[in-house]
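What follows is a short report on a single structure.
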Amino acid sequence: MSDTERRRALFVLNPALPRTGRDFGRRLLELAGELGWEAMVLETAAGLNVEAIGAALARRDFQMVLAAGGDGTVAEVMAAAHQRGLPMGIVPLGTANIVARELKLPAGWRTATRRALERYPSTRPVDLVRVNDGYSALAAGIGFDATVMRYTPRALKVWLGRAAYLLAGAWWLPRAPLFECTIRADGEETRLTAVVVLVVNAGMLGAAPFRFGPNIAIDDGWLDVCVYRPRTARERAGVLWRILRQRTDGNSMLQRKARSVEIKAPDVQWHEVDGDVYRGNVLRAEIVPGGVRVVA
């Protein structure tokens, strides 16, 4: 294969994850070389990773970019791939790896890398969400879910993986306060109180069989607005049961589909975007149907 025909890939690696080591980037490059790819590694850091990924992609003629990390890294690579119009692959290394599991990708890094590089250029379209000033691959929300993300100990995530969020959620749910908010979905405004309001792109809630609600897909071209508003301990237990059964009740658990959503709270709340937690009282989201092509 001549230099002009050789395929080039950029691995975007989160070096801070427990499943990566100091030489993990080298192992990715070696495997790519065995499969006939010329590859480079860009390590992420706290800060403007989407911009850094885009700048790295602009410097070379890459045919594909691969996210080697958890869902946060995957979301950043999805945003950069969307902006550059490039296909992407996923090497799942994080706590939950929800995008990879929604797309039924292999869990092992070696198998996932080989699959992505060997199946290129075959891709499938996956939705992306514009949220406030950035992008989301999974879900964004105000209220209880952000509290769970904010206060789940890192050590617990290392020991228990994705089950750590479920354990932390079970601890915080009885204590989670209701808050007032206004939801505008495709121009239709609703005012209510809730424990949490979520804008969901992918349905899996931490681990199977738990899902945010029924009929949520990462490639259906819709956002799902999921509102949980149980008032009593009994209602909160009922919400957990309905999440397990994937059934809403129109009262303590609401769900509707929309293309664009704005959530406003009168007071500053914790809110999260794909697990990254912020302070604020406004969350705006808009679906980008088929915004990313993923080798799957």
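Following the order of the structure tokens, chains are lettered A, B, ..., residues in each are numbered from 1, and ligands are numbered from 1.
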*May I have the residues within 7 Å of Glu38 (chain A) as a ChimeraX atom specification, using only C-alpha atoms and disregarding those fewer than 3 positions away in the same chain?*
/A:6-9,32-33
*region 101-103 of chain A: which residues within 12 Å, counting only C-alpha atoms, same-chain residues fewer than 5 positions away excluded, as JSON, numbers by chain?*
{"A": [70, 71, 89, 90, 91, 92, 93, 94, 95, 96, 108, 112, 123, 124, 125, 126, 127, 137, 138, 201, 202, 203, 204, 205, 206, 207, 208, 209, 211, 216, 217, 218, 219, 293, 294, 295, 296]}
Who sits within 7 Å of Leu192 (chain A), only C-alpha atoms, same chain under 2 positions skipped, as an mmCIF file with C-alpha atoms, in the first residue's frame:
```
data_model
loop_
_atom_site.group_PDB
_atom_site.id
_atom_site.type_symbol
_atom_site.label_atom_id
_atom_site.label_comp_id
_atom_site.auth_asym_id
_atom_site.auth_seq_id
_atom_site.Cartn_x
_atom_site.Cartn_y
_atom_site.Cartn_z
ATOM 1 C CA GLU A 180 -40.143 24.150 40.192
ATOM 2 C CA CYS A 181 -39.366 24.380 36.476
ATOM 3 C CA THR A 182 -40.747 25.421 33.117
ATOM 4 C CA THR A 190 -45.500 23.265 30.769
ATOM 5 C CA ALA A 194 -40.040 17.605 39.570
#
```
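In this model, the gap between CA of Gly54 (chain A) and CA of Pro18 (chain A) comes to 25.7 Å.
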*Of the candidates A:Val292, A:Gly280, A:Ala39, A:Ala46, which one gets nearest to Arg60 (chain A) if we count only C-alpha atoms?*
A:Ala39
*Do a neighbour search on Tyr228 (chain A) at 7 Å with only C-alpha atoms, toss out local chain neighbours closer than 2 positions, and write the hits as a PyMOL selection string.*
chain A and resi 194-197+226+230+252-254
*Pairwise distance for CA of Ala100 (chain A) and CA of Trp222 (chain A), rounded to one decimal in Å*: 19.1 Å
_Using only C-alpha atoms, which protein or nucleic acid residues come within 8 Å of Asp224 (chain A)? Drop anything in the same chain fewer than 6 positions from it, and give the result as number ranges by chain._
A: 198-201, 216, 255-258
*Write down as JSON, numbers by chain the residues belonging to region 32-156 of chain A that are assigned alpha helix (DSSP H) by DSSP computed on the backbone.*
{"A": [32, 33, 34, 49, 50, 51, 52, 53, 54, 55, 56, 57, 58, 59, 71, 72, 73, 74, 75, 76, 77, 78, 79, 80, 81, 82, 83, 84, 98, 99, 100, 101, 102, 109, 110, 111, 112, 113, 114, 115, 116, 117, 118, 119, 144, 145, 146, 147, 148, 149, 150, 151, 154, 155, 156]}
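Distances to Leu223 (chain A) were evaluated for A:Ala16, A:Met149, A:Leu178, A:Ala185 using only C-alpha atoms, and the minimum falls at A:Ala185.
In terms of minimum interatomic distance to Gly21 (chain A), A:Gly69 ranks closest within A:Gly291, A:Gly69, A:Gly213, A:Gly221, counting only C-alpha atoms.
The space separating CA of Leu31 (chain A) from CA of Arg19 (chain A) comes to 17.0 Å.
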